[in-house]
$ cat start-v5.txt   # compact mmCIF, C-alpha atoms
# COMPACT_ATOMS: atom_id res chain seq x y z
CA ASN A 113 -99.04 -80.96 -40.72
CA ALA A 114 -100.14 -81.12 -37.07
CA GLY A 115 -98.28 -78.05 -35.72
CA VAL A 116 -99.25 -77.46 -32.07
CA THR A 117 -101.79 -79.89 -30.63
CA GLN A 118 -103.63 -79.25 -27.37
CA THR A 119 -105.83 -81.67 -25.45
CA PRO A 120 -108.46 -81.60 -24.15
CA LYS A 121 -110.37 -78.89 -26.03
CA PHE A 122 -112.95 -78.56 -23.27
CA GLN A 123 -112.85 -79.47 -19.58
CA VAL A 124 -115.06 -78.84 -16.57
CA LEU A 125 -113.54 -79.19 -13.10
CA LYS A 126 -114.73 -78.78 -9.57
CA THR A 127 -112.87 -76.49 -7.20
CA GLY A 128 -109.89 -78.31 -5.71
CA GLN A 129 -109.49 -80.87 -8.48
CA SER A 130 -106.24 -81.17 -10.37
CA MET A 131 -105.66 -81.79 -14.04
CA THR A 132 -103.10 -81.57 -16.83
CA LEU A 133 -103.47 -79.76 -20.11
CA GLN A 134 -101.39 -81.45 -22.77
CA CYS A 135 -99.41 -79.67 -25.48
CA ALA A 136 -97.33 -81.27 -28.21
CA GLN A 137 -95.57 -79.76 -31.23
CA ASP A 138 -93.96 -81.51 -34.17
CA MET A 139 -91.89 -78.61 -35.52
CA ASN A 140 -88.80 -79.23 -33.40
CA HIS A 141 -89.21 -75.83 -31.74
CA GLU A 142 -87.06 -75.16 -28.72
CA TYR A 143 -89.33 -72.44 -27.30
CA MET A 144 -92.74 -73.36 -25.88
CA SER A 145 -95.12 -71.38 -23.74
CA TRP A 146 -98.53 -71.34 -22.11
CA TYR A 147 -100.89 -68.35 -22.15
CA ARG A 148 -104.29 -67.79 -20.70
CA GLN A 149 -106.85 -65.62 -22.44
CA ASP A 150 -109.56 -63.84 -20.49
CA PRO A 151 -112.14 -61.37 -21.83
CA GLY A 152 -110.73 -57.83 -21.98
CA MET A 153 -107.33 -59.00 -20.70
CA GLY A 154 -105.62 -60.18 -23.86
CA LEU A 155 -103.13 -63.03 -23.47
CA ARG A 156 -101.02 -63.40 -20.36
CA LEU A 157 -97.96 -65.61 -20.15
CA ILE A 158 -98.12 -68.36 -17.51
CA HIS A 159 -94.90 -70.36 -18.01
CA TYR A 160 -92.40 -70.85 -20.77
CA SER A 161 -89.51 -73.10 -21.74
CA VAL A 162 -86.49 -72.45 -23.95
CA GLY A 163 -85.56 -76.12 -24.24
CA ALA A 164 -85.90 -79.56 -22.69
CA GLY A 165 -85.24 -79.44 -18.97
CA ILE A 166 -85.57 -75.65 -18.77
CA THR A 167 -88.71 -73.85 -17.59
CA ASP A 168 -89.42 -70.44 -16.12
CA GLN A 169 -92.30 -68.36 -14.86
CA GLY A 170 -94.23 -65.80 -16.82
CA GLU A 171 -96.56 -63.06 -15.71
CA VAL A 172 -99.21 -65.21 -13.97
CA PRO A 173 -97.61 -68.50 -12.79
CA ASN A 174 -99.40 -69.02 -9.47
CA GLY A 175 -101.45 -72.22 -9.30
CA TYR A 176 -99.74 -73.80 -12.32
CA ASN A 177 -96.79 -76.13 -12.82
CA VAL A 178 -94.96 -77.13 -15.98
CA SER A 179 -92.24 -79.53 -17.01
CA ARG A 180 -90.31 -80.09 -20.23
CA SER A 181 -88.85 -83.57 -20.43
CA THR A 182 -88.80 -83.66 -24.26
CA THR A 183 -88.58 -81.05 -27.02
CA GLU A 184 -92.06 -82.01 -28.24
CA ASP A 185 -94.18 -81.89 -25.07
CA PHE A 186 -94.97 -79.12 -22.58
CA PRO A 187 -97.81 -80.07 -20.22
CA LEU A 188 -99.47 -77.54 -17.92
CA ARG A 189 -100.67 -78.79 -14.52
CA LEU A 190 -103.32 -77.18 -12.40
CA LEU A 191 -102.57 -78.24 -8.85
CA SER A 192 -105.84 -77.35 -7.12
CA ALA A 193 -108.32 -75.71 -9.48
CA ALA A 194 -110.02 -72.47 -8.49
CA PRO A 195 -112.85 -70.58 -10.22
CA SER A 196 -110.33 -67.82 -11.06
CA GLN A 197 -108.62 -70.32 -13.35
CA THR A 198 -111.66 -70.50 -15.61
CA SER A 199 -110.16 -69.38 -18.91
CA VAL A 200 -109.05 -70.39 -22.37
CA TYR A 201 -105.52 -71.74 -22.37
CA PHE A 202 -103.22 -71.57 -25.38
CA CYS A 203 -99.96 -73.37 -25.93
CA ALA A 204 -97.55 -71.72 -28.36
CA SER A 205 -94.15 -72.62 -29.76
CA SER A 206 -91.45 -70.85 -31.72
CA TYR A 207 -88.17 -71.63 -33.46
CA SER A 208 -86.84 -68.45 -31.86
CA PRO A 209 -85.90 -68.54 -28.16
CA THR A 210 -85.48 -64.77 -28.22
CA ASN A 211 -89.06 -63.84 -29.09
CA THR A 212 -88.15 -62.39 -32.47
CA GLY A 213 -89.96 -64.96 -34.55
CA GLU A 214 -93.47 -66.17 -35.10
CA LEU A 215 -95.37 -67.92 -32.35
CA PHE A 216 -97.39 -70.92 -33.51
CA PHE A 217 -100.53 -71.44 -31.44
CA GLY A 218 -102.66 -74.44 -30.66
CA GLU A 219 -106.44 -74.20 -30.95
CA GLY A 220 -106.90 -73.69 -27.23
CA SER A 221 -108.30 -75.55 -24.24
CA ARG A 222 -111.41 -74.08 -22.65
CA LEU A 223 -111.47 -74.76 -18.91
CA THR A 224 -114.37 -74.11 -16.57
CA VAL A 225 -113.91 -74.45 -12.81
CA LEU A 226 -117.11 -74.69 -10.80
CA ALA B 16 -90.36 -53.81 -19.42
CA GLN B 17 -92.59 -53.28 -22.41
CA SER B 18 -96.29 -52.69 -22.83
CA VAL B 19 -98.90 -52.45 -25.58
CA THR B 20 -102.02 -50.34 -25.79
CA GLN B 21 -104.66 -51.07 -28.38
CA LEU B 22 -107.11 -48.21 -28.76
CA GLY B 23 -110.68 -49.42 -29.05
CA SER B 24 -111.83 -52.82 -27.85
CA HIS B 25 -114.32 -52.87 -30.75
CA VAL B 26 -114.02 -51.31 -34.20
CA SER B 27 -116.85 -51.42 -36.73
CA VAL B 28 -116.39 -50.67 -40.44
CA SER B 29 -118.47 -51.18 -43.53
CA GLU B 30 -117.49 -53.77 -46.11
CA GLY B 31 -115.15 -52.11 -48.59
CA ALA B 32 -114.09 -49.36 -46.19
CA LEU B 33 -110.64 -48.72 -44.77
CA VAL B 34 -109.64 -50.76 -41.73
CA LEU B 35 -107.47 -49.00 -39.14
CA LEU B 36 -106.57 -50.74 -35.88
CA ARG B 37 -104.38 -48.73 -33.54
CA CYS B 38 -101.47 -49.99 -31.48
CA ASN B 39 -99.04 -48.01 -29.35
CA TYR B 40 -96.16 -49.60 -27.53
CA SER B 41 -93.53 -48.80 -24.99
CA SER B 42 -90.16 -50.50 -24.88
CA SER B 43 -86.81 -49.66 -23.34
CA VAL B 44 -84.99 -51.27 -26.29
CA PRO B 45 -85.64 -51.36 -30.05
CA PRO B 46 -88.76 -53.48 -30.25
CA TYR B 47 -89.94 -56.38 -32.34
CA LEU B 48 -93.62 -55.82 -33.13
CA PHE B 49 -96.30 -58.26 -34.23
CA TRP B 50 -99.94 -58.35 -35.25
CA TYR B 51 -101.88 -61.57 -34.72
CA VAL B 52 -105.43 -62.46 -35.75
CA GLN B 53 -107.80 -64.80 -33.95
CA TYR B 54 -110.89 -66.19 -35.65
CA PRO B 55 -113.70 -67.54 -33.46
CA ASN B 56 -112.77 -70.66 -31.50
CA GLN B 57 -109.29 -70.79 -32.98
CA GLY B 58 -105.76 -70.02 -31.89
CA LEU B 59 -103.85 -66.94 -32.96
CA GLN B 60 -102.08 -66.69 -36.31
CA LEU B 61 -99.41 -64.24 -37.34
CA LEU B 62 -100.50 -61.45 -39.69
CA LEU B 63 -97.19 -59.61 -39.90
CA LYS B 64 -94.11 -58.65 -37.91
CA TYR B 65 -91.65 -55.77 -37.73
CA THR B 66 -88.02 -56.62 -37.07
CA SER B 67 -86.29 -53.34 -38.05
CA ALA B 68 -85.72 -54.22 -41.72
CA ALA B 69 -88.37 -51.85 -43.13
CA THR B 70 -90.82 -49.51 -41.46
CA LEU B 71 -93.74 -50.50 -43.70
CA VAL B 72 -94.53 -54.16 -43.25
CA LYS B 73 -96.85 -56.13 -45.49
CA GLY B 74 -98.66 -59.17 -44.15
CA ILE B 75 -101.17 -61.74 -45.21
CA ASN B 76 -104.71 -61.06 -46.43
CA GLY B 77 -103.87 -57.54 -47.64
CA PHE B 78 -102.97 -56.13 -44.23
CA GLU B 79 -100.02 -53.87 -43.60
CA ALA B 80 -98.60 -51.91 -40.69
CA GLU B 81 -96.22 -48.99 -40.39
CA PHE B 82 -93.67 -48.63 -37.61
CA LYS B 83 -93.38 -45.02 -36.45
CA LYS B 84 -90.70 -44.67 -33.83
CA SER B 85 -91.46 -41.02 -33.09
CA GLU B 86 -95.07 -41.89 -32.30
CA THR B 87 -94.28 -45.32 -30.75
CA SER B 88 -97.03 -46.71 -32.95
CA PHE B 89 -97.58 -49.76 -35.13
CA HIS B 90 -101.07 -49.32 -36.55
CA LEU B 91 -102.62 -52.02 -38.73
CA THR B 92 -104.43 -51.06 -41.94
CA LYS B 93 -106.23 -52.65 -44.85
CA PRO B 94 -107.56 -50.56 -47.75
CA SER B 95 -110.82 -52.45 -48.24
CA ALA B 96 -112.53 -54.57 -45.59
CA HIS B 97 -114.01 -57.97 -46.39
CA MET B 98 -116.58 -59.84 -44.36
CA SER B 99 -113.96 -62.54 -43.76
CA ASP B 100 -111.80 -60.00 -41.87
CA ALA B 101 -114.18 -60.10 -38.89
CA ALA B 102 -112.03 -61.38 -36.03
CA GLU B 103 -110.05 -60.39 -32.93
CA TYR B 104 -106.74 -58.67 -33.59
CA PHE B 105 -103.83 -58.53 -31.16
CA CYS B 106 -100.77 -56.33 -31.23
CA ALA B 107 -97.69 -57.68 -29.44
CA VAL B 108 -94.22 -56.40 -28.59
CA SER B 109 -91.01 -58.21 -27.77
CA ALA B 110 -87.71 -56.94 -26.45
CA GLY B 111 -86.09 -59.77 -28.37
CA TYR B 112 -83.91 -61.31 -25.71
CA SER B 113 -83.75 -64.88 -24.53
CA GLY B 114 -86.63 -66.21 -22.50
CA GLY B 115 -90.29 -65.25 -22.31
CA GLY B 116 -90.69 -64.03 -18.79
CA ALA B 117 -92.88 -61.10 -18.02
CA ASP B 118 -90.81 -59.05 -20.50
CA GLY B 119 -90.79 -61.59 -23.33
CA LEU B 120 -93.74 -61.23 -25.71
CA THR B 121 -96.39 -58.86 -24.37
CA PHE B 122 -99.84 -58.77 -25.97
CA GLY B 123 -102.36 -55.98 -26.09
CA LYS B 124 -105.89 -56.61 -24.91
CA GLY B 125 -107.20 -57.06 -28.43
CA THR B 126 -109.53 -55.26 -30.82
CA HIS B 127 -112.66 -56.95 -32.09
CA LEU B 128 -113.18 -55.99 -35.74
CA ILE B 129 -116.79 -55.97 -36.91
CA ILE B 130 -117.58 -55.75 -40.62
CA GLN B 131 -120.98 -54.38 -41.53
CA PRO B 132 -122.50 -55.39 -44.89
$ encode --input "start-v5.txt" --output "structure tokens"
Amino acid sequence: NAGVTQTPKFQVLKTGQSMTLQCAQDMNHEYMSWYRQDPGMGLRLIHYSVGAGITDQGEVPNGYNVSRSTTEDFPLRLLSAAPSQTSVYFCASSYSPTNTGELFFGEGSRLTVL
Amino acid sequence: AQSVTQLGSHVSVSEGALVLLRCNYSSSVPPYLFWYVQYPNQGLQLLLKYTSAATLVKGINGFEAEFKKSETSFHLTKPSAHMSDAAEYFCAVSAGYSGGGADGLTFGKGTHLIIQP
């Protein structure tokens, strides 16, 4: 009963470093997405994917890359970390590619950029 | 494009009192509407969703919400608050078409519900 699994849960980076946040789901969902959550801002969509090999940008994509080589995995890459990327990151998946169904969320990855 | 406005970043109620969390939306097409709850240090979980089948939607943990097209509202209510209801609540709207994009699922900024004993 894993659902959506995110690693790591916590990470501290220095400005300019790169890293990858991992996301895996075992529900065979075609739709996967990454959000960032900042105080008073709600959740903002970074990137999403409607299936393996297909990705697209969300509201705040700058500074992030994604790929979707399998249905299960959707990693988020920070190319050159900046303090403005300090946030809590959530991966979410859905059986619905048309945003009419439930999003299943991971527990989040808390990133601090110094 | 769609948007969501949640009135009140913090709402405080006494245990046993009515809970009312307000959500207004804008959408150029008939919307799909959702309420999610987030407990401390956890991800979001779905409370309920509106998909045009019925205007009054019942969710988990005794919560319900009513879709009012004329008021573009989808307020969340619970008759009697429990201490365990203390959490962050997010309203979200979707236009329901393929792809997330900036117009996929849009979340409000959240309302922190505080339950006083």
$ interface_residues --input "start-v5.txt" --of "chain A" --to "chain B" --cutoff "8 Å" --atoms "all atoms listed in the file" --output "VMD selection string"
chain A and resid 145 152 to 157 159 to 162 168 to 171 202 209 to 212 214 to 220
$ residues_around --input "start-v5.txt" --residues "segment 128-131 of chain A" --least-positions-apart "4" --cutoff "8 Å" --atoms "all atoms listed in the file" --output "PDB file with C-alpha atoms, in the frame of the given file"
ATOM      1  CA  ARG A 189    -100.670 -78.790 -14.520  1.00  0.00           C
ATOM      2  CA  LEU A 190    -103.320 -77.180 -12.400  1.00  0.00           C
ATOM      3  CA  LEU A 191    -102.570 -78.240  -8.850  1.00  0.00           C
ATOM      4  CA  SER A 192    -105.840 -77.350  -7.120  1.00  0.00           C
ATOM      5  CA  ALA A 193    -108.320 -75.710  -9.480  1.00  0.00           C
ATOM      6  CA  ALA A 194    -110.020 -72.470  -8.490  1.00  0.00           C
TER       7      ALA A 194
END
$ closest_residue --input "start-v5.txt" --among "B:Val52, B:Leu33, B:Ala80, B:Cys38" --to "Ala96 of chain B" --atoms "all atoms listed in the file"
B:Leu33
$ atom_distance --input "start-v5.txt" --atom1 "atom CA of Glu142 of chain A" --atom2 "atom CA of Ser181 of chain A"
11.9 Å
$ atom_distance --input "start-v5.txt" --atom1 "atom CA of Val116 of chain A" --atom2 "atom CA of Asn39 of chain B"
29.6 Å
$ closest_residue --input "start-v5.txt" --among "A:Ser221, A:Ser208, A:Gln123, A:Ser196" --to "Trp146 of chain A" --atoms "all atoms listed in the file"
A:Ser221
$ residues_near_point --input "start-v5.txt" --point "(-117.1, -57.9, -40.4)" --cutoff "6 Å" --atoms "all atoms listed in the file" --output "list in words"
Met98, Asp100, Ala101, Ile129, Ile130 and Gln131 of chain B
$ residues_around --input "start-v5.txt" --residues "Ala32 of chain B" --least-positions-apart "3" --cutoff "7 Å" --atoms "all atoms listed in the file" --output "list in words"
Val28, Ser29, Pro94, Ser95 and Ala96 of chain B
$ atom_distance --input "start-v5.txt" --atom1 "atom CA of Lys93 of chain B" --atom2 "atom CA of Ser18 of chain B"
24.2 Å
$ decode --input "start-v5.txt" --residues "segment 191-212 of chain A" --atoms "C-alpha atoms" --output "short mmCIF file (atom, residue, chain, number, x, y, z; two decimals), in the first residue's frame"
data_model
loop_
_atom_site.label_atom_id
_atom_site.label_comp_id
_atom_site.auth_asym_id
_atom_site.auth_seq_id
_atom_site.Cartn_x
_atom_site.Cartn_y
_atom_site.Cartn_z
CA LEU A 191 19.75 22.40 -11.99
CA SER A 192 21.47 25.09 -9.90
CA ALA A 193 19.79 25.60 -6.55
CA ALA A 194 18.86 29.09 -5.41
CA PRO A 195 17.54 30.28 -2.02
CA SER A 196 14.20 31.05 -3.73
CA GLN A 197 13.80 27.31 -4.24
CA THR A 198 13.61 26.71 -0.50
CA SER A 199 10.20 25.08 -0.21
CA VAL A 200 8.27 21.91 0.43
CA TYR A 201 7.86 19.86 -2.72
CA PHE A 202 4.98 17.47 -3.30
CA CYS A 203 4.63 14.84 -5.96
CA ALA A 204 1.06 13.87 -6.86
CA SER A 205 -0.49 11.34 -9.21
CA SER A 206 -3.94 10.64 -10.59
CA TYR A 207 -5.74 8.04 -12.67
CA SER A 208 -7.37 10.94 -14.48
CA PRO A 209 -5.31 12.85 -17.07
CA THR A 210 -8.05 15.46 -17.28
CA ASN A 211 -7.89 16.69 -13.69
CA THR A 212 -11.36 15.43 -12.83
#
